[in-house]
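Coordinates as given in final33.json (JSON, C-alpha atoms):
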[["chain", "number", "residue", "atom", "x", "y", "z"],
["A", 183, "MET", "CA", -2.83, -6.78, -41.38],
["A", 184, "THR", "CA", -1.58, -5.05, -38.22],
["A", 185, "LYS", "CA", -2.90, -1.72, -37.01],
["A", 186, "VAL", "CA", -0.98, 0.32, -34.47],
["A", 187, "ASN", "CA", -2.71, 3.16, -32.70],
["A", 188, "ILE", "CA", -0.74, 6.27, -31.88],
["A", 189, "GLU", "CA", 0.21, 6.41, -28.23],
["A", 190, "GLN", "CA", -2.16, 8.49, -26.15],
["A", 191, "ALA", "CA", -1.10, 10.55, -23.17],
["A", 192, "VAL", "CA", -2.25, 9.06, -19.88],
["A", 193, "LYS", "CA", -1.35, 10.23, -16.40],
["A", 194, "GLY", "CA", -1.80, 7.79, -13.61],
["A", 195, "TYR", "CA", -0.35, 5.24, -11.21],
["A", 196, "LEU", "CA", -0.46, 1.50, -11.86],
["A", 197, "VAL", "CA", -0.53, -0.99, -8.98],
["A", 198, "PHE", "CA", 1.01, -4.22, -10.22],
["A", 199, "SER", "CA", 1.53, -7.52, -8.41],
["A", 200, "VAL", "CA", 4.71, -8.73, -10.03],
["A", 201, "GLU", "CA", 8.05, -7.03, -10.43],
["A", 202, "ALA", "CA", 8.28, -6.16, -14.09],
["A", 203, "SER", "CA", 11.00, -4.03, -15.61],
["A", 204, "THR", "CA", 10.32, -0.44, -16.54],
["A", 205, "GLY", "CA", 9.32, 0.16, -20.14],
["A", 206, "LYS", "CA", 6.02, -1.10, -21.50],
["A", 207, "LEU", "CA", 3.56, -3.44, -19.85],
["A", 208, "PHE", "CA", 1.73, -5.60, -22.37],
["A", 209, "ARG", "CA", -1.54, -7.31, -21.64],
["A", 210, "GLU", "CA", -3.70, -9.07, -24.22],
["A", 211, "GLY", "CA", -7.38, -8.34, -24.28],
["A", 212, "ARG", "CA", -7.40, -5.87, -21.41],
["A", 213, "SER", "CA", -7.35, -2.13, -21.40],
["A", 214, "TYR", "CA", -6.46, 0.09, -18.48],
["A", 215, "PHE", "CA", -8.14, 3.45, -18.13],
["A", 216, "VAL", "CA", -7.33, 6.15, -15.61],
["A", 217, "GLY", "CA", -9.90, 6.20, -12.83],
["A", 218, "LYS", "CA", -10.96, 2.57, -13.29],
["A", 219, "SER", "CA", -9.73, -0.33, -11.20],
["A", 220, "TYR", "CA", -9.17, -3.89, -12.39],
["A", 221, "HIS", "CA", -8.19, -6.61, -9.95],
["A", 222, "ASN", "CA", -6.53, -9.21, -12.11],
["A", 223, "ARG", "CA", -3.57, -10.19, -9.93],
["A", 224, "TYR", "CA", -4.19, -7.06, -7.87],
["A", 225, "VAL", "CA", -3.82, -4.69, -10.78],
["A", 226, "GLY", "CA", -5.39, -1.25, -10.78],
["A", 227, "ILE", "CA", -4.71, 2.18, -12.20],
["A", 228, "PHE", "CA", -5.54, 5.36, -10.35],
["A", 229, "GLU", "CA", -5.47, 9.07, -11.06],
["A", 230, "ASP", "CA", -3.49, 10.05, -7.97],
["A", 231, "LEU", "CA", -0.78, 8.44, -5.90],
["A", 232, "SER", "CA", -2.65, 8.48, -2.59],
["A", 233, "LYS", "CA", -5.47, 6.31, -4.01],
["A", 234, "ALA", "CA", -2.96, 3.93, -5.59],
["A", 235, "ALA", "CA", -0.97, 3.68, -2.36],
["A", 236, "VAL", "CA", -4.06, 3.03, -0.24],
["A", 237, "ASN", "CA", -5.13, 0.32, -2.69],
["A", 238, "ALA", "CA", -1.72, -1.35, -2.74],
["A", 239, "SER", "CA", -1.21, -1.20, 1.02],
["A", 240, "GLN", "CA", -4.49, -2.96, 1.82],
["A", 241, "TYR", "CA", -3.32, -6.28, 0.41],
["A", 242, "PRO", "CA", -1.57, -8.70, 2.77],
["A", 243, "SER", "CA", 1.06, -9.32, 0.09],
["A", 244, "SER", "CA", 1.76, -5.60, -0.39],
["A", 245, "LYS", "CA", 5.52, -6.26, -0.18],
["A", 246, "LYS", "CA", 5.29, -7.87, -3.63],
["A", 247, "LEU", "CA", 3.34, -5.00, -5.17],
["A", 248, "VAL", "CA", 4.84, -2.13, -7.10],
["A", 249, "ILE", "CA", 3.38, 1.19, -8.21],
["A", 250, "TYR", "CA", 4.45, 2.59, -11.55],
["A", 251, "GLU", "CA", 4.00, 6.10, -12.87],
["A", 252, "VAL", "CA", 2.21, 5.77, -16.20],
["A", 253, "SER", "CA", 2.40, 8.31, -19.01],
["A", 254, "GLY", "CA", 1.07, 6.64, -22.15],
["A", 255, "TRP", "CA", -1.26, 4.04, -23.59],
["A", 256, "GLY", "CA", -1.46, 2.37, -26.98],
["A", 257, "GLU", "CA", -3.03, -0.53, -28.85],
["A", 258, "VAL", "CA", -1.84, -3.03, -31.43],
["A", 259, "THR", "CA", -4.49, -4.96, -33.35],
["A", 260, "ASP", "CA", -3.51, -8.03, -35.36],
["A", 261, "PHE", "CA", -6.51, -8.91, -37.52],
["A", 262, "GLY", "CA", -4.89, -12.17, -38.68],
["A", 263, "ASP", "CA", -4.96, -13.65, -35.20],
["A", 264, "SER", "CA", -7.83, -11.48, -33.98],
["A", 265, "LYS", "CA", -5.66, -10.30, -31.14],
["A", 266, "VAL", "CA", -5.69, -6.97, -29.41],
["A", 267, "THR", "CA", -2.67, -6.09, -27.32],
["A", 268, "GLU", "CA", -2.97, -3.00, -25.22],
["A", 269, "TRP", "CA", -0.03, -1.53, -23.38],
["A", 270, "LEU", "CA", 0.91, 1.12, -20.91],
["A", 271, "LYS", "CA", 4.12, 3.10, -20.92],
["A", 272, "LEU", "CA", 5.66, 2.81, -17.47],
["A", 273, "ASP", "CA", 7.98, 5.65, -16.52],
["A", 274, "GLN", "CA", 9.34, 4.63, -13.14],
["A", 275, "ILE", "CA", 8.60, 2.74, -9.97],
["A", 276, "VAL", "CA", 7.30, 4.90, -7.13],
["A", 277, "PRO", "CA", 9.46, 4.26, -4.02],
["A", 278, "LYS", "CA", 7.65, 2.83, -0.99],
["A", 279, "SER", "CA", 8.66, 5.89, 1.02],
["A", 280, "LYS", "CA", 6.46, 7.95, -1.33],
["A", 281, "TRP", "CA", 3.55, 5.55, -0.68],
["A", 282, "ALA", "CA", 3.91, 6.19, 3.04],
["A", 283, "GLU", "CA", 3.96, 9.96, 2.51],
["A", 284, "ALA", "CA", 0.83, 9.81, 0.37],
["A", 285, "ILE", "CA", -1.01, 7.63, 2.88],
["A", 286, "SER", "CA", 0.08, 9.75, 5.88],
["A", 287, "ALA", "CA", -2.06, 12.57, 4.49],
["A", 288, "LYS", "CA", -5.10, 10.41, 5.40],
["A", 289, "ALA", "CA", -4.26, 10.34, 9.14],
["A", 290, "ASN", "CA", -7.21, 12.59, 10.04],
["A", 291, "SER", "CA", -9.76, 10.56, 8.12],
["A", 292, "ASN", "CA", -13.12, 9.76, 9.71],
["A", 293, "CYS", "CA", -12.69, 6.19, 8.46],
["A", 294, "ALA", "CA", -11.02, 4.00, 11.12],
["A", 295, "SER", "CA", -9.77, 1.44, 8.59],
["A", 296, "LEU", "CA", -7.96, 4.21, 6.71],
["A", 297, "ARG", "CA", -6.37, 5.52, 9.91],
["A", 298, "ALA", "CA", -5.34, 1.93, 10.72],
["A", 299, "LEU", "CA", -3.66, 1.72, 7.33],
["A", 300, "VAL", "CA", -1.82, 4.99, 8.02],
["A", 301, "ALA", "CA", -0.67, 3.57, 11.37],
["A", 302, "LYS", "CA", 0.61, 0.47, 9.57],
["A", 303, "VAL", "CA", 2.74, 2.16, 6.89],
["A", 304, "SER", "CA", 3.48, 5.76, 7.87],
["A", 305, "GLN", "CA", 7.04, 6.74, 8.70],
["A", 306, "ASP", "CA", 6.16, 10.27, 9.80],
["A", 307, "VAL", "CA", 6.92, 10.45, 13.54],
["A", 308, "ALA", "CA", 4.48, 13.35, 14.12],
["A", 309, "VAL", "CA", 1.68, 11.37, 12.46],
["A", 310, "LEU", "CA", 2.54, 8.23, 14.47],
["A", 311, "ARG", "CA", 2.51, 10.17, 17.75],
["A", 312, "GLU", "CA", -0.92, 11.59, 16.93],
["A", 313, "LEU", "CA", -2.29, 8.15, 16.07],
["A", 314, "ALA", "CA", -1.19, 6.83, 19.47],
["A", 315, "LYS", "CA", -4.15, 8.78, 20.92],
["A", 316, "ASP", "CA", -6.63, 7.15, 18.53],
["A", 317, "LYS", "CA", -9.67, 5.55, 20.20],
["A", 318, "ASN", "CA", -9.74, 2.66, 17.73],
["A", 319, "GLN", "CA", -7.97, -0.50, 18.92],
["A", 320, "ALA", "CA", -7.00, -1.59, 15.37],
["A", 321, "VAL", "CA", -5.27, 1.75, 14.77],
["A", 322, "ARG", "CA", -3.21, 1.39, 17.96],
["A", 323, "LYS", "CA", -2.41, -2.27, 17.21],
["A", 324, "ASN", "CA", -1.09, -1.38, 13.72],
["A", 325, "LEU", "CA", 0.86, 1.48, 15.25],
["A", 326, "ALA", "CA", 2.45, -0.93, 17.73],
["A", 327, "GLU", "CA", 3.51, -3.20, 14.84],
["A", 328, "ASN", "CA", 5.04, -0.36, 12.79],
["A", 329, "LEU", "CA", 8.85, -0.43, 12.99],
["A", 330, "ALA", "CA", 8.94, 3.36, 12.56],
["A", 331, "THR", "CA", 7.00, 3.94, 15.79],
["A", 332, "PRO", "CA", 9.26, 5.69, 18.34],
["A", 333, "ALA", "CA", 10.30, 3.80, 21.49],
["A", 334, "ASP", "CA", 8.49, 6.21, 23.83],
["A", 335, "VAL", "CA", 5.23, 5.71, 21.91],
["A", 336, "LEU", "CA", 5.71, 1.93, 22.13],
["A", 337, "ALA", "CA", 6.22, 2.31, 25.89],
["A", 338, "ASP", "CA", 2.89, 4.17, 26.13],
["A", 339, "LEU", "CA", 1.14, 1.57, 23.98],
["A", 340, "ALA", "CA", 2.45, -1.15, 26.32],
["A", 341, "LYS", "CA", 0.03, 0.25, 28.91],
["A", 342, "ASP", "CA", -2.96, -0.15, 26.55],
["A", 343, "GLN", "CA", -6.08, -1.81, 27.95],
["A", 344, "PHE", "CA", -6.27, -4.26, 25.03],
["A", 345, "SER", "CA", -4.08, -7.38, 24.95],
["A", 346, "LEU", "CA", -3.72, -7.33, 21.15],
["A", 347, "VAL", "CA", -2.07, -3.92, 21.32],
["A", 348, "LYS", "CA", 0.29, -5.11, 24.06],
["A", 349, "GLN", "CA", 1.12, -8.24, 22.08],
["A", 350, "ALA", "CA", 1.98, -6.10, 19.06],
["A", 351, "VAL", "CA", 4.26, -3.94, 21.22],
["A", 352, "ALA", "CA", 5.97, -7.09, 22.54],
["A", 353, "ALA", "CA", 6.51, -8.40, 18.99],
["A", 354, "ASN", "CA", 7.99, -5.11, 17.72],
["A", 355, "GLU", "CA", 11.78, -5.50, 17.51],
["A", 356, "ASN", "CA", 12.28, -1.83, 18.44],
["A", 357, "THR", "CA", 10.51, -2.10, 21.80],
["A", 358, "PRO", "CA", 12.99, -1.30, 24.60],
["A", 359, "ALA", "CA", 14.05, -4.22, 26.83],
["A", 360, "VAL", "CA", 12.72, -2.51, 29.95],
["A", 361, "VAL", "CA", 9.26, -2.31, 28.34],
["A", 362, "LEU", "CA", 9.45, -5.96, 27.28],
["A", 363, "ALA", "CA", 10.34, -6.96, 30.84],
["A", 364, "ARG", "CA", 7.38, -5.03, 32.21],
["A", 365, "LEU", "CA", 5.05, -6.57, 29.61],
["A", 366, "GLY", "CA", 6.32, -10.08, 30.36],
["A", 367, "ALA", "CA", 5.35, -9.68, 33.98],
["A", 368, "VAL", "CA", 1.81, -8.62, 33.10],
["A", 369, "GLU", "CA", 0.06, -11.25, 30.98],
["A", 370, "ASP", "CA", 0.71, -14.77, 29.73],
["A", 371, "SER", "CA", -0.58, -13.89, 26.23],
["A", 372, "VAL", "CA", 1.95, -11.09, 26.02],
["A", 373, "LYS", "CA", 4.75, -13.39, 27.21],
["A", 374, "MET", "CA", 3.98, -15.65, 24.26],
["A", 375, "ALA", "CA", 4.44, -12.70, 21.86],
["A", 376, "ILE", "CA", 7.87, -11.98, 23.38]]
Give the structure from the file, written as structure tokens.
Amino acid sequence: MTKVNIEQAVKGYLVFSVEASTGKLFREGRSYFVGKSYHNRYVGIFEDLSKAAVNASQYPSSKKLVIYEVSGWGEVTDFGDSKVTEWLKLDQIVPKSKWAEAISAKANSNCASLRALVAKVSQDVAVLRELAKDKNQAVRKNLAENLATPADVLADLAKDQFSLVKQAVAANENTPAVVLARLGAVEDSVKMAI
């Protein structure tokens, strides 16, 4: 005997570690509820996009993660096999540019690790320029690694007192040649990054 529950409306964002096609995501023996987070292969579901984007962007392998908009949930119970299959209805993949927008809103956070994450993924030039003044070294290092960071900001970061920031500037493919030349004359550790 098979019982099928009527689909329930759910609004949320699913962080998923493999590239599945849009439609329905099936998972045996596991339910996903809005507001809860499950980390089976970096899977979680969140009520708003900014929380989902922050979660997804913190993983080193974030390039392999996708965020889906979710609008429904259902359950199929097969009593013969004692199986429960729960599924989410996936509407569409959220583009990575939307992740960056959602995270950029956290630029003024009191949490340095969150500001560092913004510096890593934001594409908003105004936000990146503001983060260049941040007192936290990790924020400035991530900013120096970000390919969206403007050349003049990279030039300023090349004068940073910390070698890790300068190395990140040297490794950024958008750093102007004149800045690279100046960095190469400064420190051996920076020369290695070039």
Calculate how many Å separate atom CA of A:Asn354 from atom CA of A:Ser239, rounding to one decimal.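 One can read the atom CA of A:Asn354 to atom CA of A:Ser239 distance as 19.5 Å.
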In Å, how far is it from atom CA of A:Thr331 to atom CA of A:Asn292?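 Spanning atom CA of A:Thr331 to atom CA of A:Asn292 is a straight-line distance of 21.8 Å.
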Just the number, please: distance in Å from atom CA of A:Asp316 to atom CA of A:Val360, one decimal.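 These two atoms are separated by 24.5 Å.
Counting all atoms listed in the file, the residue from A:Ala301, A:Ala359, A:Val236, A:Leu296 that sits nearest to A:Lys280 is A:Val236.
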Which residues are near A:Val252? Cut-off 7 Å, all atoms listed in the file, ignore same chain within fewer than 2 positions. Put them as number ranges by chain. A: 192-196, 250, 254, 270-273
Return the single residue from A:Ala326, A:Ala238, A:Ile285, A:Leu231 that is closest to A:Lys348, with distances computed using only C-alpha atoms.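 Looking at the shortest contact to A:Lys348, the residue is A:Ala326.
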Identify, on the basis of only C-alpha atoms, every residue whose closest approach to A:Gln190 does not exceed 9 Å; exclude the query and any residue fewer than 6 positions from it along the same chain; express the result as JSON, numbers by chain. {"A": [253, 254, 255, 256]}
Could you write those residues out with C-alpha atoms, as a PDB file, keeping the file's coordinate frame?
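Once everything was written out, this is part22.pdb:
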ATOM      1  CA  SER A 253       2.400   8.310 -19.010  1.00  0.00           C
ATOM      2  CA  GLY A 254       1.070   6.640 -22.150  1.00  0.00           C
ATOM      3  CA  TRP A 255      -1.260   4.040 -23.590  1.00  0.00           C
ATOM      4  CA  GLY A 256      -1.460   2.370 -26.980  1.00  0.00           C
TER       5      GLY A 256
END
Could you pull out every residue with an atom within 9 Å of (-4.5, 11.3, 6.8), file coordinates, counting all atoms listed in the file, and send them as a list of chain:residue names? A:Ala284, A:Ile285, A:Ser286, A:Ala287, A:Lys288, A:Ala289, A:Asn290, A:Ser291, A:Leu296, A:Arg297, A:Val300, A:Val309
Sel. within 12 Å of pt (8.3, -2.4, 21.4), counting all atoms listed in the file, output as a ChimeraX atom specification: /A:323,325-341,347-366,372,375-376
Using the file's own x, y and z axes, what box holds all listed atoms of stretch 351-367 of chain A with 6 Å on each side, keeping edges along x, y and z, and what are its centre and edge lengths in Å to one decimal, as AutoDock Vina command-line options?
--center_x 9.2 --center_y -5.7 --center_z 25.7 --size_x 21.8 --size_y 20.8 --size_z 28.5
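Compared by their closest atoms to A:Lys302, and using all atoms listed in the file, the residues A:Gln274, A:Ser232, A:Asn324, A:Ser199 rank with A:Asn324 nearest.
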For stretch 331-342 of chain A, which lacks atoms in the input, supply all heavy atoms and format the output as a short mmCIF file (atom, residue, chain, number, x, y, z; two decimals), keeping the file's coordinate frame.
data_model
loop_
_atom_site.label_atom_id
_atom_site.label_comp_id
_atom_site.auth_asym_id
_atom_site.auth_seq_id
_atom_site.Cartn_x
_atom_site.Cartn_y
_atom_site.Cartn_z
N THR A 331 7.58 3.35 14.58
CA THR A 331 7.00 3.94 15.79
C THR A 331 8.10 4.16 16.82
O THR A 331 8.84 3.23 17.14
CB THR A 331 5.89 3.02 16.36
OG1 THR A 331 4.87 2.87 15.37
CG2 THR A 331 5.27 3.63 17.61
N PRO A 332 8.20 5.38 17.36
CA PRO A 332 9.26 5.69 18.34
C PRO A 332 9.12 4.85 19.61
O PRO A 332 8.01 4.45 20.00
CB PRO A 332 9.05 7.18 18.64
CG PRO A 332 8.23 7.71 17.52
CD PRO A 332 7.39 6.56 17.03
N ALA A 333 10.25 4.63 20.28
CA ALA A 333 10.30 3.80 21.49
C ALA A 333 9.40 4.34 22.59
O ALA A 333 8.74 3.56 23.30
CB ALA A 333 11.74 3.69 21.99
N ASP A 334 9.33 5.66 22.77
CA ASP A 334 8.49 6.21 23.83
C ASP A 334 7.00 5.99 23.55
O ASP A 334 6.21 5.79 24.48
CB ASP A 334 8.79 7.70 24.07
CG ASP A 334 8.49 8.57 22.86
OD1 ASP A 334 8.94 8.22 21.74
OD2 ASP A 334 7.81 9.60 23.02
N VAL A 335 6.63 5.99 22.27
CA VAL A 335 5.23 5.71 21.91
C VAL A 335 4.93 4.23 22.16
O VAL A 335 3.87 3.88 22.68
CB VAL A 335 4.96 6.09 20.43
CG1 VAL A 335 3.56 5.66 20.01
CG2 VAL A 335 5.13 7.59 20.22
N LEU A 336 5.88 3.36 21.84
CA LEU A 336 5.71 1.93 22.13
C LEU A 336 5.56 1.70 23.64
O LEU A 336 4.74 0.88 24.07
CB LEU A 336 6.89 1.13 21.58
CG LEU A 336 6.99 1.02 20.06
CD1 LEU A 336 8.33 0.42 19.64
CD2 LEU A 336 5.83 0.22 19.49
N ALA A 337 6.33 2.44 24.43
CA ALA A 337 6.22 2.31 25.89
C ALA A 337 4.83 2.70 26.37
O ALA A 337 4.25 2.04 27.26
CB ALA A 337 7.29 3.17 26.57
N ASP A 338 4.26 3.75 25.78
CA ASP A 338 2.89 4.17 26.13
C ASP A 338 1.87 3.13 25.69
O ASP A 338 0.93 2.81 26.41
CB ASP A 338 2.56 5.52 25.51
CG ASP A 338 3.29 6.68 26.19
OD1 ASP A 338 3.77 6.50 27.33
OD2 ASP A 338 3.38 7.76 25.57
N LEU A 339 2.08 2.58 24.49
CA LEU A 339 1.14 1.57 23.98
C LEU A 339 1.21 0.27 24.80
O LEU A 339 0.24 -0.49 24.84
CB LEU A 339 1.43 1.27 22.51
CG LEU A 339 1.09 2.39 21.52
CD1 LEU A 339 1.64 2.06 20.13
CD2 LEU A 339 -0.41 2.63 21.47
N ALA A 340 2.32 0.04 25.47
CA ALA A 340 2.45 -1.15 26.32
C ALA A 340 1.50 -1.10 27.51
O ALA A 340 1.22 -2.13 28.13
CB ALA A 340 3.90 -1.28 26.81
N LYS A 341 0.99 0.08 27.81
CA LYS A 341 0.03 0.25 28.91
C LYS A 341 -1.42 0.18 28.43
O LYS A 341 -2.35 0.42 29.20
CB LYS A 341 0.26 1.60 29.59
CG LYS A 341 1.66 1.77 30.14
CD LYS A 341 1.88 3.22 30.57
CE LYS A 341 3.34 3.48 30.86
NZ LYS A 341 3.63 4.90 31.02
N ASP A 342 -1.62 -0.12 27.14
CA ASP A 342 -2.96 -0.15 26.55
C ASP A 342 -3.84 -1.16 27.26
O ASP A 342 -3.36 -2.19 27.77
CB ASP A 342 -2.86 -0.50 25.06
CG ASP A 342 -4.09 -0.08 24.28
OD1 ASP A 342 -5.09 -0.83 24.31
OD2 ASP A 342 -4.06 0.99 23.66
#
